[in-house]
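**Student:** What follows is a single structure, and I will ask about it in a moment.
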Amino acid sequence: QLQLVESGGGLVQPGGSLRLSCAISGGTLHTHAIGWFRQAPGKEREVVSCISSTGSANSADSVKGRFSISRDNARNTVYLQMNSLKPEDTAVYSCGAAPFMGYSCLGYTKSWYHYWGQGTQVTVSS
């Protein structure tokens with residue numbers, strides 16, 4: 001059973017940075033795509049960034065140029081580096097694992113992700 005544990009959330013001022021981590025156990029990054037999602041109060045969960053089993057990354061237009069996703073295969077960990085944070089980035093951030101191998105995770109919807117972490121709160125406020 002794949003398990004995911006997020007860490008790195010917190011309170012940050014607008015314009016600041018945070019790095020979220022998603023540690024995976026019970027499986028490998030070579031057989032799963034990993035996605036970062038966020039859910040703000042009263043809103044649907046939305047995909048932020050994803051990285052495929054081959055390491056190809058994609059990000060939503062709303063965060064392109066500010067957020068980047070990467071992975072450390074040796075540590076079985078996926079990171080989300082978030083720069084130039086805005087108040088509208090405030091949300092609970094969760095990582096999910098999709099048990100599919102492929103070059104790109106672009107187009108993977110929430111239903112493709114079978115395993116989820118518990119989430120970590122990110123609050124951007126002055």
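Residues are referred to by chain and number: the chain letter is A, B, ... according to the order shown in the structure tokens, the number counts from 1 in that chain, and ligands are numbered separately from 1 in the order shown.
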Excluding Ala97 of chain A and residues on its chain fewer than 6 positions from it, collect all residues at most 12 Å away from it, counting only C-alpha atoms, and give them as a ChimeraX atom specification.
**Tutor:** /A:1-5,22-37,50-53,77-78,105,108-117
**Student:** For the selection you just gave me, I'd like the residues written to a file as a compact mmCIF listing (two decimals), in the first residue's frame, keeping N, CA, C and O atoms.
**Tutor:**
```txt
# COMPACT_ATOMS: atom_id res chain seq x y z
N GLN A 1 0.84 -1.18 0.00
CA GLN A 1 0.00 0.00 0.00
C GLN A 1 0.89 1.24 0.00
O GLN A 1 1.71 1.43 0.88
N LEU A 2 0.69 2.09 -0.99
CA LEU A 2 1.50 3.30 -1.09
C LEU A 2 1.06 4.30 -0.02
O LEU A 2 -0.15 4.46 0.22
N GLN A 3 2.02 4.94 0.62
CA GLN A 3 1.72 5.98 1.60
C GLN A 3 2.48 7.24 1.23
O GLN A 3 3.63 7.18 0.81
N LEU A 4 1.82 8.38 1.41
CA LEU A 4 2.42 9.67 1.10
C LEU A 4 2.29 10.57 2.33
O LEU A 4 1.22 10.63 2.96
N VAL A 5 3.37 11.27 2.64
CA VAL A 5 3.38 12.18 3.78
C VAL A 5 3.94 13.52 3.33
O VAL A 5 5.08 13.60 2.88
N CYS A 22 6.93 15.70 -0.35
CA CYS A 22 5.99 14.57 -0.36
C CYS A 22 6.84 13.31 -0.34
O CYS A 22 7.46 12.95 -1.36
N ALA A 23 6.90 12.66 0.82
CA ALA A 23 7.69 11.45 0.97
C ALA A 23 6.81 10.24 0.71
O ALA A 23 5.72 10.12 1.29
N ILE A 24 7.29 9.37 -0.18
CA ILE A 24 6.51 8.21 -0.59
C ILE A 24 7.14 6.93 -0.05
O ILE A 24 8.36 6.77 -0.10
N SER A 25 6.31 6.03 0.45
CA SER A 25 6.77 4.72 0.88
C SER A 25 5.81 3.67 0.33
O SER A 25 4.67 3.96 0.02
N GLY A 26 6.33 2.45 0.19
CA GLY A 26 5.51 1.36 -0.32
C GLY A 26 5.44 1.31 -1.84
O GLY A 26 4.65 0.54 -2.40
N GLY A 27 6.24 2.12 -2.51
CA GLY A 27 6.26 2.14 -3.96
C GLY A 27 7.39 3.02 -4.44
O GLY A 27 8.09 3.62 -3.63
N THR A 28 7.56 3.12 -5.74
CA THR A 28 8.65 3.94 -6.27
C THR A 28 8.12 5.00 -7.22
O THR A 28 7.03 4.88 -7.80
N LEU A 29 8.94 6.02 -7.41
CA LEU A 29 8.59 7.10 -8.32
C LEU A 29 8.66 6.65 -9.77
O LEU A 29 8.09 7.29 -10.65
N HIS A 30 9.35 5.56 -10.03
CA HIS A 30 9.50 5.09 -11.41
C HIS A 30 8.22 4.44 -11.95
O HIS A 30 8.10 4.22 -13.15
N THR A 31 7.29 4.15 -11.07
CA THR A 31 6.04 3.50 -11.51
C THR A 31 4.81 4.33 -11.19
O THR A 31 3.68 3.87 -11.36
N HIS A 32 5.04 5.56 -10.71
CA HIS A 32 3.91 6.42 -10.36
C HIS A 32 4.16 7.85 -10.82
O HIS A 32 5.29 8.34 -10.77
N ALA A 33 3.10 8.50 -11.25
CA ALA A 33 3.13 9.95 -11.41
C ALA A 33 2.71 10.55 -10.07
O ALA A 33 1.84 10.00 -9.38
N ILE A 34 3.33 11.65 -9.71
CA ILE A 34 3.01 12.33 -8.45
C ILE A 34 2.49 13.72 -8.79
O ILE A 34 3.11 14.46 -9.57
N GLY A 35 1.37 14.07 -8.19
CA GLY A 35 0.79 15.38 -8.41
C GLY A 35 0.65 16.15 -7.11
O GLY A 35 0.39 15.56 -6.06
N TRP A 36 0.83 17.44 -7.20
CA TRP A 36 0.52 18.33 -6.08
C TRP A 36 -0.81 19.01 -6.40
O TRP A 36 -1.00 19.54 -7.50
N PHE A 37 -1.70 18.98 -5.41
CA PHE A 37 -3.01 19.58 -5.55
C PHE A 37 -3.20 20.58 -4.41
O PHE A 37 -2.51 20.53 -3.41
N CYS A 50 2.50 18.41 -11.61
CA CYS A 50 2.66 16.96 -11.56
C CYS A 50 3.98 16.60 -12.22
O CYS A 50 4.53 17.36 -13.03
N ILE A 51 4.47 15.43 -11.84
CA ILE A 51 5.69 14.91 -12.44
C ILE A 51 5.44 13.44 -12.75
O ILE A 51 4.95 12.68 -11.92
N SER A 52 5.73 13.08 -14.00
CA SER A 52 5.39 11.73 -14.45
C SER A 52 6.40 10.71 -13.94
O SER A 52 7.43 11.05 -13.34
N SER A 53 6.13 9.44 -14.23
CA SER A 53 7.03 8.37 -13.82
C SER A 53 8.41 8.51 -14.48
O SER A 53 9.40 8.01 -13.96
N THR A 77 11.16 11.06 -2.84
CA THR A 77 10.49 12.27 -2.38
C THR A 77 10.29 13.22 -3.56
O THR A 77 11.16 13.36 -4.42
N VAL A 78 9.13 13.85 -3.57
CA VAL A 78 8.81 14.86 -4.58
C VAL A 78 8.67 16.20 -3.87
O VAL A 78 8.07 16.27 -2.79
N CYS A 105 2.23 13.53 -17.39
CA CYS A 105 1.05 13.45 -16.54
C CYS A 105 0.06 14.57 -16.86
O CYS A 105 -0.95 14.74 -16.18
N TYR A 108 -3.83 14.18 -16.54
CA TYR A 108 -4.26 13.28 -15.47
C TYR A 108 -5.24 14.04 -14.60
O TYR A 108 -4.89 15.05 -13.99
N THR A 109 -6.44 13.56 -14.49
CA THR A 109 -7.41 14.20 -13.63
C THR A 109 -7.30 13.64 -12.21
O THR A 109 -6.55 12.68 -11.97
N LYS A 110 -8.05 14.21 -11.28
CA LYS A 110 -7.99 13.76 -9.90
C LYS A 110 -8.27 12.27 -9.77
O LYS A 110 -7.68 11.58 -8.94
N SER A 111 -9.14 11.74 -10.61
CA SER A 111 -9.52 10.34 -10.50
C SER A 111 -8.38 9.38 -10.84
O SER A 111 -8.43 8.20 -10.50
N TRP A 112 -7.36 9.88 -11.53
CA TRP A 112 -6.22 9.05 -11.86
C TRP A 112 -5.34 8.80 -10.62
O TRP A 112 -4.56 7.87 -10.61
N TYR A 113 -5.46 9.65 -9.64
CA TYR A 113 -4.61 9.56 -8.45
C TYR A 113 -5.32 8.69 -7.41
O TYR A 113 -6.38 9.05 -6.92
N HIS A 114 -4.70 7.56 -7.10
CA HIS A 114 -5.35 6.58 -6.23
C HIS A 114 -4.92 6.70 -4.77
O HIS A 114 -5.59 6.15 -3.90
N TYR A 115 -3.82 7.36 -4.53
CA TYR A 115 -3.29 7.45 -3.17
C TYR A 115 -3.05 8.92 -2.85
O TYR A 115 -2.59 9.69 -3.70
N TRP A 116 -3.33 9.26 -1.58
CA TRP A 116 -3.23 10.66 -1.17
C TRP A 116 -2.57 10.80 0.18
O TRP A 116 -2.71 9.92 1.05
N GLY A 117 -1.88 11.92 0.36
CA GLY A 117 -1.37 12.26 1.67
C GLY A 117 -2.44 13.01 2.46
O GLY A 117 -3.54 13.26 1.96
```
**Student:** Please run DSSP on the backbone and report, as number ranges by chain, all residues within segment 25-111 of chain A that come out as strand (DSSP E).
**Tutor:** A: 25, 33-39, 46-51, 57-59, 67-72, 77-82, 91-98
**Student:** For a quick check of understanding, using only C-alpha atoms, which of A:Pro87, A:Pro14, A:Gly96, A:Gly9 has the smallest distance to Glu46 of chain A?
**Tutor:** A:Gly96
**Student:** Do you know which residues are at most 9 Å from Arg66 of chain A counting only C-alpha atoms, after dropping those on the same chain fewer than 6 positions away, and could you put them as a list in words?
**Tutor:**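 The filter keeps Gln81, Met82, Asn83, Ser84 and Leu85 of chain A.
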